[in-house]
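Enquirer: First the structure, then my questions, so here it is.
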4 protein chains.
Amino acid sequence: MIRVAIIGASGYTGAEAIRIVLQHKRAELTYLTALPDECGAVGDIFGQFKGRCNLQIEPLDFAQLKKSSDVALCCLPHKVSMGFVPKLLAAGLKVIDFSADYRIKDAALYEKFYQVKHTDTENLKDAVYGLPELFRNQIKGKNLIANPGCFPTGALLAIAPLLKEGLIETDSIIVNAVTGSSGAGKNPSSKFHFPNMNENIFAYGIGSHRHMPEMEQIASELAGCEVKILFQPHVGAFDRGILSTVYCQPKANVSSEKLAKLYSSFYADEQFVQVCDSAPAVKDVAATNYCHVFATCAKGKILAFSAIDNLVKGASGQAIQNMNIIFGEQENLGLY
Amino acid sequence: MIRVAIIGASGYTGAEAIRIVLQHKRAELTYLTALPDECGAVGDIFGQFKGRCNLQIEPLDFAQLKKSSDVALCCLPHKVSMGFVPKLLAAGLKVIDFSADYRIKDAALYEKFYQVKHTDTENLKDAVYGLPELFRNQIKGKNLIANPGCFPTGALLAIAPLLKEGLIETDSIIVNAVTGSSGAGKNPSSKFHFPNMNENIFAYGIGSHRHMPEMEQIASELAGCEVKILFQPHVGAFDRGILSTVYCQPKANVSSEKLAKLYSSFYADEQFVQVCDSAPAVKDVAATNYCHVFATCAKGKILAFSAIDNLVKGASGQAIQNMNIIFGEQENLGLY
Amino acid sequence: MIRVAIIGASGYTGAEAIRIVLQHKRAELTYLTALPDECGAVGDIFGQFKGRCNLQIEPLDFAQLKKSSDVALCCLPHKVSMGFVPKLLAAGLKVIDFSADYRIKDAALYEKFYQVKHTDTENLKDAVYGLPELFRNQIKGKNLIANPGCFPTGALLAIAPLLKEGLIETDSIIVNAVTGSSGAGKNPSSKFHFPNMNENIFAYGIGSHRHMPEMEQIASELAGCEVKILFQPHVGAFDRGILSTVYCQPKANVSSEKLAKLYSSFYADEQFVQVCDSAPAVKDVAATNYCHVFATCAKGKILAFSAIDNLVKGASGQAIQNMNIIFGEQENLGLY
Amino acid sequence: MIRVAIIGASGYTGAEAIRIVLQHKRAELTYLTALPDECGAVGDIFGQFKGRCNLQIEPLDFAQLKKSSDVALCCLPHKVSMGFVPKLLAAGLKVIDFSADYRIKDAALYEKFYQVKHTDTENLKDAVYGLPELFRNQIKGKNLIANPGCFPTGALLAIAPLLKEGLIETDSIIVNAVTGSSGAGKNPSSKFHFPNMNENIFAYGIGSHRHMPEMEQIASELAGCEVKILFQPHVGAFDRGILSTVYCQPKANVSSEKLAKLYSSFYADEQFVQVCDSAPAVKDVAATNYCHVFATCAKGKILAFSAIDNLVKGASGQAIQNMNIIFGEQENLGLY
């Protein structure tokens with residue numbers, strides 16, 4: 001059994017990681033931590049785990065962590081995470097980090113978007129971007145995985161075949177995405193107050209969302225050249241899911257049939273990416289680790305769509321998928 | 001034109017009052033006030049009024065109030081309101097108070113449920129309970145109206161015919177109600193954080209909701225004897241509306257047909273109470289001042305249902321209805 | 001491995017059964033059937049199973065069924081089911097029937113509420129009511145289980161301790177329940193058309209809901225005397241869940257503390273019934289097999305609350321729980 | 001008083017037109033028609049009008065229409081409308097047509113997208129596109145108005161200033177829009193069945209939506225050259241509203257400040273178009289005739305956003321606005 005610690009277990013991604021590990025045949029929760037004022041019995045912090053998980057969420061104690069666990073799912077916020085990850089690694093654990101701190105290889109770029117000096121460039125170099133469908137071979141056996149952002153996961157899986165095949169112009173990609181409101185995290189705010197958010201949808205982070213440089217970095221890696229992406233997120237009145245609608249300029253004429261074949265072949269061996277024959281719907285992937293993709297042509301452009309659950313394939317599910325790979329387990333354990 | 005001030009205009013009932021007065025042919029908004037840190041242009045405080053209302057919400061100034069307005073819709077919270085109402089009256093305005101401060105005639109009972117000494121028992125005596133369908137004659141020309149609570153409005157309209165006719169036992173009435181989430185007010189909290197409230201429904205205030213004594217007082221007045229009500233509120237994942245399901249024990253056998261006739265006759269002259277021939281739905285009354293009622297027999301009990309919009313018939317719409325009555329205007333102005 | 005057939009797999013309870021069996025360690029789906037025009041690849045019928053389940057839903061063939069499966073989850077509608085169950089049993093399968101056909105022991109009562117002659121009174125006699133927390137010992141090893149209705153499951157678990165202990169009057173129980181809209185099934189209708197159902201809540205089935213006699217029968221069995229229940233269902237604008245609010249008249253004074261102790265003790269060994277210390281919320285049990293219960297006193301009455309997921313504990317989850325019991329497996333397999 | 005007939009009053013746009021005319025000071029409903037099996041008392045057809053409107057919806061009788069009404073709001077479906085409009089005009093009424101039949105000036109293009117021969121090219125020539133903010137002068141006094149589609153209204157108001165000023169490339173505009181589910185109309189279907197649509201969002205009509213040629217025609221008129229638009233609609237789980245996110249390529253560098261000034265100046269005299277200083281939200285315009293717009297620069301593109309209510313500014317509200325203009329009334333009557 002893989003012994004799993006969750007660092008920062010009191011938020012939505014922590015809860016989702018708990019849910020998944022509970023139904024994992026070859027992993028078990030051994031240690032859950034949070035800030036002192038968010039500690040307590042799991043069933044009290046999250047009503048949905050009453051009777052399903054009898055652990056306590058406790059303040060982090062490294063000695064306890066070291067002796068109890070093989071892997072840490074580090075669900076801390078950006079900027080905070082890089083203060084803890086070196087110690088988690090030093091304690092001998094594999095680390096799957098949910099923050100952005102180890103995703104952006106260019107520390108200067110990170111510092112520009114996150115407005116803070118990167119304090120762990122050492123481990124940053126070794127971290128692998130944990131999008132298994134694109135980087136599986138680099139993930140195997142690694143100690144530190146930078147678990148991808150939710151928007152980048154959706155956008156990259158939607159267009160990876162196009163980038164790899166060099167079918168599209170790389171200076172004019174537009175990613176229009178709509179996320180469910182769980183993406184906002186658990187802290188109440190006016191925008192996400194139910195009477196304000198319900199029956200609503202709006203754009204935010206125009207030109208400045210922090211997932212944009214992450215998307216561009218990985219897209220560039222896939223394309224083998226610099227890729228420029230205009231990423232525009234929106235938030236809608238539903239709990240879970242991200243629908244990405246990506247607009248691309250093809251380099252040359254390409255038919256919808258050819259795209260269908262390309263996608264089917266590109267993802268032929270991937271359980272968690274399903275190629276659809278029409279536009280995907282977020283409800284079909286809610287509470288699953290699946291990504292539904294579809295690409296087609298219209299008005300001289302290529303439109304690529306993807307749907308994921310932001311908390312699962314966009315966060316905790318993908319983390320468990322990475323964990324399974326690191327430990328040499330069957331990749332879909334806990335994620336049926 | 002009736003010149004309308006709204007005291008405490010920065011909350012949901014304030015916004016709803018603004019919306020209604022804007023479409024009122026014979027009333028106009030003249031003065032809007034709030035606490036200093038909630039002031040500003042109406043269109044900035046409430047996005048829905050951008051370009052529709054060019055007033056400012058300002059800190060309350062009594063001199064300004066006195067010269068600008070004929071009536072004050074006082075949307076202040078319980079306990080705060082009774083500190084202002086005497087001054088509003090002294091300024092020569094008619095006052096329609098949204099709080100509970102002038103609803104409960106028995107100051108000791110008020111003090112028990114609200115845990116504070118009543119500081120304006122003088123005006124409390126003169127205040128009229130502003131449920132026009134039941135107390136229209138007392139409302140006409142009055143200076144101070146205690147605008148009813150949202151739950152009492154729904155519950156009382158559902159059972160008033162039964163109480164007035166003496167058809168039911170008065171010691172065993174059960175009011176089961178579900179309110180939309182706007183009833184929680186505008187301040188963000190964990191329970192009403194969208195990802196927590198969405199797809200949810202739960203009970204609260206068991207045995208202790210402050211609308212219970214208010215319901216009992218008015219019900220007793222209607223019945224001419226002491227009425228005991230078990231009131232159980234719930235909150236559901238929708239913006240507007242209260243559905244009340246009331247369970248009553250008939251004193252003697254009564255047929256559903258007789259109930260239908262009684263209700264139709266009781267509310268025959270009331271525009272805003274519509275007697276349905278099946279269970280009402282909150283969506284049919286959303287954003288209107290209407291109350292849909294239905295009563296029938298089942299398993300030896302009488303079931304009475306009502307649906308209202310908690311912000312309109314349950315608050316701001318009823319206030320305008322009261323205002324129309326006080327000023328001798330057609331009762332439905334602004335409330336089509 | 002338990003080989004599981006689902007008869008009538010193309011509806012919501014069928015989908016939910018598929019989802020649960022997919023994550024069951026000791027059971028596997030072997031045969032899925034539906035009416036001819038609802039057949040096809042599971043991933044085409046239900047988008048959420050694309051790539052997760054590669055079976056076909058096929059027209060029922062008894063020879064195929066017999067050779068492929070050990071147990072049939074029979075998700076057929078009321079009245080239809082009793083035409084198939086005898087044949088499923090004759091084919092040598094254990095049968096867990098989701099319809100009402102084998103729940104009501106009194107065939108005359110069944111015939112009154114379902115307006116059809118019962119055609120399989122033979123098996124009706126032997127069927128066991130599959131509410132494991134109340135009838136576990138009778139379920140073990142049985143061939144035919146009548147899987148309980150969703151509303152009776154929620155209501156009975158809420159009040160079973162009161163009935164067993166004889167604490168309440170049995171002629172005046174009121175069950176007020178609100179179900180999510182998945183309870184309506186998959187066939188589109190005007191009431192459940194999104195623009196009509198969204199932001200709505202309403203009562204239905206007043207005095208006539210078919211789950212009422214089922215509740216009364218089992219409640220009577222628990223109480224050891226005839227129990228009369230007024231059951232009033234409502235439907236709300238959420239996908240999953242039933243919140244039951246039950247109003248009871250205590251025979252003698254009882255404290256909330258005593259109720260808390262009673263419930264904790266009554267359900268001490270039950271994983272799937274969790275006793276809460278405040279009113280439960282449906283979101284906490286969504287997509288789980290758990291039932292959250294709470295009982296307390298108010299205004300001389302006992303209020304008992306329960307929350308379940310209507311598709312899981314109210315249908316498919318409970319069926320798998322029954323299946324686990326019949327086959328001597330750990331009761332929570334597939335249901336963490 | 002303007003005497004208003006609604007032809008096809010039994011659908012969502014009919015209901016919305018009824019709601020608006022009811023609160024219009026200088027117009028009154030005089031005649032409501034629908035197909036025979038959708039006729040009846042307004043309050044029975046639409047629960048929300050019980051007691052608010054005592055008219056009957058009746059089968060269309062031209063003699064009755066002629067004598068009762070000055071204007072017909074023709075809410076018939078595409079293709080059906082052009083069979084009636086000539087007769088409505090012949091009866092001497094002004095006609096505001098909600099269908100697409102009189103919007104697309106090029107009959108061949110109409111026939112391509114609607115797959116039917118245009119049978120009234122005579123009136124097509126004279127019809128004016130009823131987007132008052134852009135074509136007010138042509139609307140005044142006209143007999144036949146083609147009321148714009150909901151998506152074109154939102155998209156065109158978002159980018160009209162850019163097109164008129166010639167600031168953007170006209171061959172690469174992308175309109176990404178999300179509509180609420182009322183856009184689907186009142187007929188139940190599987191996609192809009194509440195348990196399927198709730199918590200969902202998906203794209204549809206890829207490359208083929210019928211509003212695309214309409215957008216292109218009007219955009220071309222505004223730009224004075226051919227405009228090519230890739231329009232991609234989505235549907236979300238909310239009742240009302242369309243959020244349009246438009247991606248444009250500027251011809252030359254332009255600052256966000258300059259865009260803000262341009263929009264403010266362009267819409268300075270327009271009550272119903274409000275220029276925001278950040279991205280608009282559909283909830284702010286729900287149930288109003290307002291359009292909120294915002295434009296800014298990001299990553300070398302111009303992003304223009306708009307929010308409207310699809311049933312009001314996108315249909316019935318705009319129709320009343322057109323009616324007010326035709327009859328020389330104050331433009332915002334009924335539409336505060």
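Ligands are numbered from 1 in the order shown, chains are lettered A, B, ... in the order of the structure tokens, and residues start at 1 in each chain.
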When the cut-off is 8 Å and we count only C-alpha atoms, which residues of chain C are near chain A, given as a ChimeraX atom specification?
Expert: /C:22-23,46-52,271-272,274,283-285,336
Enquirer: Next, dump the selected residues to file, keeping only N, CA and C atoms, as a PDB file, in the first residue's frame.
Expert:
ATOM      1  N   LEU C  22     -18.610  -0.494 -11.395  1.00  0.00           N
ATOM      2  CA  LEU C  22     -17.287  -0.280 -12.003  1.00  0.00           C
ATOM      3  C   LEU C  22     -16.191  -0.128 -10.958  1.00  0.00           C
ATOM      4  N   GLN C  23     -16.545   0.391  -9.779  1.00  0.00           N
ATOM      5  CA  GLN C  23     -15.500   0.576  -8.765  1.00  0.00           C
ATOM      6  C   GLN C  23     -15.594  -0.469  -7.644  1.00  0.00           C
ATOM      7  N   PHE C  46     -24.715   6.766 -22.356  1.00  0.00           N
ATOM      8  CA  PHE C  46     -24.356   7.652 -21.245  1.00  0.00           C
ATOM      9  C   PHE C  46     -22.957   8.210 -21.503  1.00  0.00           C
ATOM     10  N   GLY C  47     -22.889   9.494 -21.859  1.00  0.00           N
ATOM     11  CA  GLY C  47     -21.594  10.090 -22.171  1.00  0.00           C
ATOM     12  C   GLY C  47     -20.566   9.910 -21.057  1.00  0.00           C
ATOM     13  N   GLN C  48     -21.032   9.821 -19.813  1.00  0.00           N
ATOM     14  CA  GLN C  48     -20.068   9.746 -18.703  1.00  0.00           C
ATOM     15  C   GLN C  48     -19.327   8.415 -18.644  1.00  0.00           C
ATOM     16  N   PHE C  49     -19.749   7.436 -19.436  1.00  0.00           N
ATOM     17  CA  PHE C  49     -19.064   6.147 -19.401  1.00  0.00           C
ATOM     18  C   PHE C  49     -18.172   5.902 -20.607  1.00  0.00           C
ATOM     19  N   LYS C  50     -18.032   6.889 -21.445  1.00  0.00           N
ATOM     20  CA  LYS C  50     -17.151   6.768 -22.602  1.00  0.00           C
ATOM     21  C   LYS C  50     -15.753   6.376 -22.121  1.00  0.00           C
ATOM     22  N   GLY C  51     -15.286   5.235 -22.564  1.00  0.00           N
ATOM     23  CA  GLY C  51     -13.957   4.784 -22.183  1.00  0.00           C
ATOM     24  C   GLY C  51     -13.878   4.150 -20.803  1.00  0.00           C
ATOM     25  N   ARG C  52     -14.973   4.221 -20.052  1.00  0.00           N
ATOM     26  CA  ARG C  52     -14.962   3.623 -18.715  1.00  0.00           C
ATOM     27  C   ARG C  52     -15.636   2.264 -18.711  1.00  0.00           C
ATOM     28  N   GLN C 271     -22.405   1.633   9.205  1.00  0.00           N
ATOM     29  CA  GLN C 271     -21.506   2.545   8.511  1.00  0.00           C
ATOM     30  C   GLN C 271     -22.276   3.600   7.733  1.00  0.00           C
ATOM     31  N   PHE C 272     -23.353   3.174   7.120  1.00  0.00           N
ATOM     32  CA  PHE C 272     -24.001   4.061   6.147  1.00  0.00           C
ATOM     33  C   PHE C 272     -25.043   5.004   6.753  1.00  0.00           C
ATOM     34  N   GLN C 274     -25.156   7.881   9.482  1.00  0.00           N
ATOM     35  CA  GLN C 274     -24.356   8.707  10.374  1.00  0.00           C
ATOM     36  C   GLN C 274     -25.277   9.642  11.146  1.00  0.00           C
ATOM     37  N   LYS C 283     -26.171  17.945   0.262  1.00  0.00           N
ATOM     38  CA  LYS C 283     -24.900  17.959  -0.479  1.00  0.00           C
ATOM     39  C   LYS C 283     -23.845  17.062   0.178  1.00  0.00           C
ATOM     40  N   ASP C 284     -23.953  16.887   1.486  1.00  0.00           N
ATOM     41  CA  ASP C 284     -22.977  16.035   2.175  1.00  0.00           C
ATOM     42  C   ASP C 284     -23.128  14.557   1.833  1.00  0.00           C
ATOM     43  N   VAL C 285     -24.275  14.162   1.316  1.00  0.00           N
ATOM     44  CA  VAL C 285     -24.459  12.743   0.996  1.00  0.00           C
ATOM     45  C   VAL C 285     -24.561  12.498  -0.511  1.00  0.00           C
ATOM     46  N   TYR C 336     -17.622   3.017  -0.894  1.00  0.00           N
ATOM     47  CA  TYR C 336     -16.851   3.852   0.054  1.00  0.00           C
ATOM     48  C   TYR C 336     -17.318   5.285  -0.001  1.00  0.00           C
TER      49      TYR C 336
END
Enquirer: Considering only C-alpha atoms, return as a VMD selection string whatever protein or nucleic-acid residues lie within 9 Å of Lys142 (chain D), sequence-local ones (same chain, fewer than 6 positions apart) excluded.
Expert: chain D and resid 94 to 95 126 to 128 326
Enquirer: Grab the residues selected above and save them as a PDB file, in the first residue's frame with N, CA and C atoms.
Expert:
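The resulting file, out-v2.pdb, is shown below:
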ATOM      1  N   LYS D  94     -48.905  47.714 -37.851  1.00  0.00           N
ATOM      2  CA  LYS D  94     -47.456  47.704 -37.811  1.00  0.00           C
ATOM      3  C   LYS D  94     -47.044  46.314 -37.352  1.00  0.00           C
ATOM      4  N   VAL D  95     -45.930  45.827 -37.861  1.00  0.00           N
ATOM      5  CA  VAL D  95     -45.501  44.472 -37.498  1.00  0.00           C
ATOM      6  C   VAL D  95     -44.056  44.486 -37.007  1.00  0.00           C
ATOM      7  N   ASP D 126     -38.372  45.889 -47.691  1.00  0.00           N
ATOM      8  CA  ASP D 126     -38.708  47.084 -46.910  1.00  0.00           C
ATOM      9  C   ASP D 126     -38.415  46.949 -45.418  1.00  0.00           C
ATOM     10  N   ALA D 127     -38.226  45.727 -44.965  1.00  0.00           N
ATOM     11  CA  ALA D 127     -38.062  45.520 -43.527  1.00  0.00           C
ATOM     12  C   ALA D 127     -36.795  46.207 -43.028  1.00  0.00           C
ATOM     13  N   VAL D 128     -36.896  46.748 -41.819  1.00  0.00           N
ATOM     14  CA  VAL D 128     -35.733  47.401 -41.201  1.00  0.00           C
ATOM     15  C   VAL D 128     -35.241  46.531 -40.050  1.00  0.00           C
ATOM     16  N   ILE D 326     -41.387  53.378 -33.242  1.00  0.00           N
ATOM     17  CA  ILE D 326     -42.326  53.469 -34.363  1.00  0.00           C
ATOM     18  C   ILE D 326     -43.468  54.420 -34.057  1.00  0.00           C
TER      19      ILE D 326
END
Enquirer: Counting only C-alpha atoms, what is within 6 Å of Asn289 (chain C), bar same-chain residues fewer than 3 positions away, as a ChimeraX atom specification?
Expert: /C:312-313,317
Enquirer: Write down as a list in words the residues of region 242-334 of chain B whose backbone DSSP state falls under helix (DSSP H, G or I).
Expert: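 Assigned to helix (DSSP H, G or I), within region 242-334 of chain B: Ser256, Glu257, Lys258, Leu259, Ala260, Lys261, Leu262, Tyr263, Ser264, Ser265, Phe266, Val282, Lys283, Asp284, Val312, Lys313, Gly314, Ala315, Ser316, Gly317, Gln318, Ala319, Ile320, Gln321, Asn322, Met323, Asn324, Ile325 and Ile326 of chain B.
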Enquirer: Can I get the selected residues back with C-alpha atoms, as an mmCIF file, in the first residue's frame?
Expert:
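And here is the file that came out, again-v3.cif:
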data_model
loop_
_atom_site.group_PDB
_atom_site.id
_atom_site.type_symbol
_atom_site.label_atom_id
_atom_site.label_comp_id
_atom_site.auth_asym_id
_atom_site.auth_seq_id
_atom_site.Cartn_x
_atom_site.Cartn_y
_atom_site.Cartn_z
ATOM 1 C CA SER B 256 -61.339 19.806 -0.505
ATOM 2 C CA GLU B 257 -64.182 21.340 -2.477
ATOM 3 C CA LYS B 258 -65.316 23.332 0.514
ATOM 4 C CA LEU B 259 -61.782 24.540 1.080
ATOM 5 C CA ALA B 260 -61.493 25.624 -2.520
ATOM 6 C CA LYS B 261 -64.686 27.639 -2.194
ATOM 7 C CA LEU B 262 -63.626 29.157 1.099
ATOM 8 C CA TYR B 263 -60.270 30.315 -0.272
ATOM 9 C CA SER B 264 -61.765 31.680 -3.461
ATOM 10 C CA SER B 265 -64.313 33.625 -1.534
ATOM 11 C CA PHE B 266 -61.887 34.796 1.156
ATOM 12 C CA VAL B 282 -42.200 29.500 -6.449
ATOM 13 C CA LYS B 283 -41.096 30.244 -9.986
ATOM 14 C CA ASP B 284 -44.576 31.485 -10.850
ATOM 15 C CA VAL B 312 -41.121 41.205 -3.044
ATOM 16 C CA LYS B 313 -44.332 40.103 -1.300
ATOM 17 C CA GLY B 314 -42.065 39.035 1.570
ATOM 18 C CA ALA B 315 -40.379 42.446 1.844
ATOM 19 C CA SER B 316 -40.030 45.322 -0.596
ATOM 20 C CA GLY B 317 -43.096 44.725 -2.741
ATOM 21 C CA GLN B 318 -45.336 44.496 0.294
ATOM 22 C CA ALA B 319 -43.739 47.694 1.585
ATOM 23 C CA ILE B 320 -44.682 49.511 -1.613
ATOM 24 C CA GLN B 321 -48.164 47.999 -1.403
ATOM 25 C CA ASN B 322 -48.386 49.443 2.105
ATOM 26 C CA MET B 323 -47.056 52.765 0.880
ATOM 27 C CA ASN B 324 -49.697 52.892 -1.837
ATOM 28 C CA ILE B 325 -52.389 52.255 0.762
ATOM 29 C CA ILE B 326 -51.087 54.858 3.196
#
Enquirer: Counting only C-alpha atoms, what is within 10 Å of region 108-114 of chain B, bar same-chain residues fewer than 3 positions away, as a ChimeraX atom specification?
Expert: /B:78-79,100-105,117-118,208-214
Enquirer: For those residues, write C-alpha atoms to a file as a compact mmCIF listing (two decimals), in the first residue's frame.
Expert:
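Listing of again.txt after writing:
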# COMPACT_ATOMS: atom_id res chain seq x y z
CA HIS B 78 -33.45 44.20 13.65
CA LYS B 79 -32.37 46.06 16.79
CA ALA B 100 -38.96 42.93 13.33
CA ASP B 101 -38.72 45.78 15.81
CA TYR B 102 -42.32 46.92 15.47
CA ARG B 103 -43.98 43.62 14.62
CA ILE B 104 -44.18 41.91 17.99
CA LYS B 105 -46.58 43.72 20.25
CA LYS B 117 -34.28 45.59 25.36
CA HIS B 118 -36.93 47.28 23.24
CA SER B 208 -35.84 28.94 17.49
CA HIS B 209 -36.48 30.97 14.34
CA ARG B 210 -37.50 34.51 15.16
CA HIS B 211 -40.38 34.48 12.73
CA MET B 212 -42.19 31.92 14.90
CA PRO B 213 -43.50 34.31 17.58
CA GLU B 214 -44.49 36.77 14.86
Enquirer: Would you work out the distance separating CA of Ala107 (chain D) from CA of Ala90 (chain D), expressed in Å to one decimal?
Expert: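 That distance, rounded to one decimal, is 21.8 Å.
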Enquirer: Write out as a PyMOL selection string the residues lying within 8 Å of Val85 (chain A), counting only C-alpha atoms and excluding same-chain residues fewer than 2 positions away.
Expert: chain A and resi 74+81-83+87-89+95+97
Enquirer: Would you save the residues of that selection, restricted to N, CA and C atoms, as a PDB file, in the first residue's frame?
Expert:
ATOM      1  N   CYS A  74       0.815  17.769  -2.027  1.00  0.00           N
ATOM      2  CA  CYS A  74       1.007  19.072  -1.403  1.00  0.00           C
ATOM      3  C   CYS A  74       0.003  20.064  -1.991  1.00  0.00           C
ATOM      4  N   SER A  81       3.866  26.978  -1.121  1.00  0.00           N
ATOM      5  CA  SER A  81       4.315  25.621  -1.396  1.00  0.00           C
ATOM      6  C   SER A  81       5.833  25.513  -1.453  1.00  0.00           C
ATOM      7  N   MET A  82       6.485  26.429  -2.127  1.00  0.00           N
ATOM      8  CA  MET A  82       7.937  26.286  -2.299  1.00  0.00           C
ATOM      9  C   MET A  82       8.701  26.426  -0.987  1.00  0.00           C
ATOM     10  N   GLY A  83       8.030  26.880   0.052  1.00  0.00           N
ATOM     11  CA  GLY A  83       8.652  26.879   1.364  1.00  0.00           C
ATOM     12  C   GLY A  83       8.625  25.508   2.020  1.00  0.00           C
ATOM     13  N   LYS A  87      11.482  20.630   2.207  1.00  0.00           N
ATOM     14  CA  LYS A  87      11.477  19.838   3.455  1.00  0.00           C
ATOM     15  C   LYS A  87      10.761  18.505   3.269  1.00  0.00           C
ATOM     16  N   LEU A  88       9.715  18.512   2.452  1.00  0.00           N
ATOM     17  CA  LEU A  88       9.013  17.249   2.190  1.00  0.00           C
ATOM     18  C   LEU A  88       9.939  16.290   1.460  1.00  0.00           C
ATOM     19  N   LEU A  89      10.687  16.816   0.507  1.00  0.00           N
ATOM     20  CA  LEU A  89      11.642  15.982  -0.235  1.00  0.00           C
ATOM     21  C   LEU A  89      12.748  15.506   0.702  1.00  0.00           C
ATOM     22  N   VAL A  95       6.928  13.839  -3.829  1.00  0.00           N
ATOM     23  CA  VAL A  95       6.057  15.001  -3.669  1.00  0.00           C
ATOM     24  C   VAL A  95       5.314  15.300  -4.977  1.00  0.00           C
ATOM     25  N   ASP A  97       3.100  18.274  -6.181  1.00  0.00           N
ATOM     26  CA  ASP A  97       2.782  19.624  -5.730  1.00  0.00           C
ATOM     27  C   ASP A  97       1.677  20.226  -6.588  1.00  0.00           C
TER      28      ASP A  97
END
Enquirer: Would you mind writing down, as a VMD selection string, each residue of region 61-246 of chain C that DSSP on the backbone assigns to strand (DSSP E)?
Expert: chain C and resid 71 to 74 94 to 97 128 to 129 144 to 146 173 to 179 201 to 203 229 to 236 242 to 246
Enquirer: Using only C-alpha atoms for the distances, tell me which of C:Tyr247, C:Phe305, C:Phe192, C:Phe294 is nearest to Ile168 (chain C).
Expert: C:Tyr247
Enquirer: To one decimal place, how far is CA of Gly180 (chain B) from CA of Ala237 (chain B) in Å?
Expert: 6.4 Å
Enquirer: Contacts of region 160-164 of chain D at 9 Å or less, counting only C-alpha atoms, minus same-chain residues fewer than 2 places along, as number ranges by chain?
Expert: D: 134, 155-158, 166-170, 219-220, 222-224, 250, 259, 262-263, 266-267
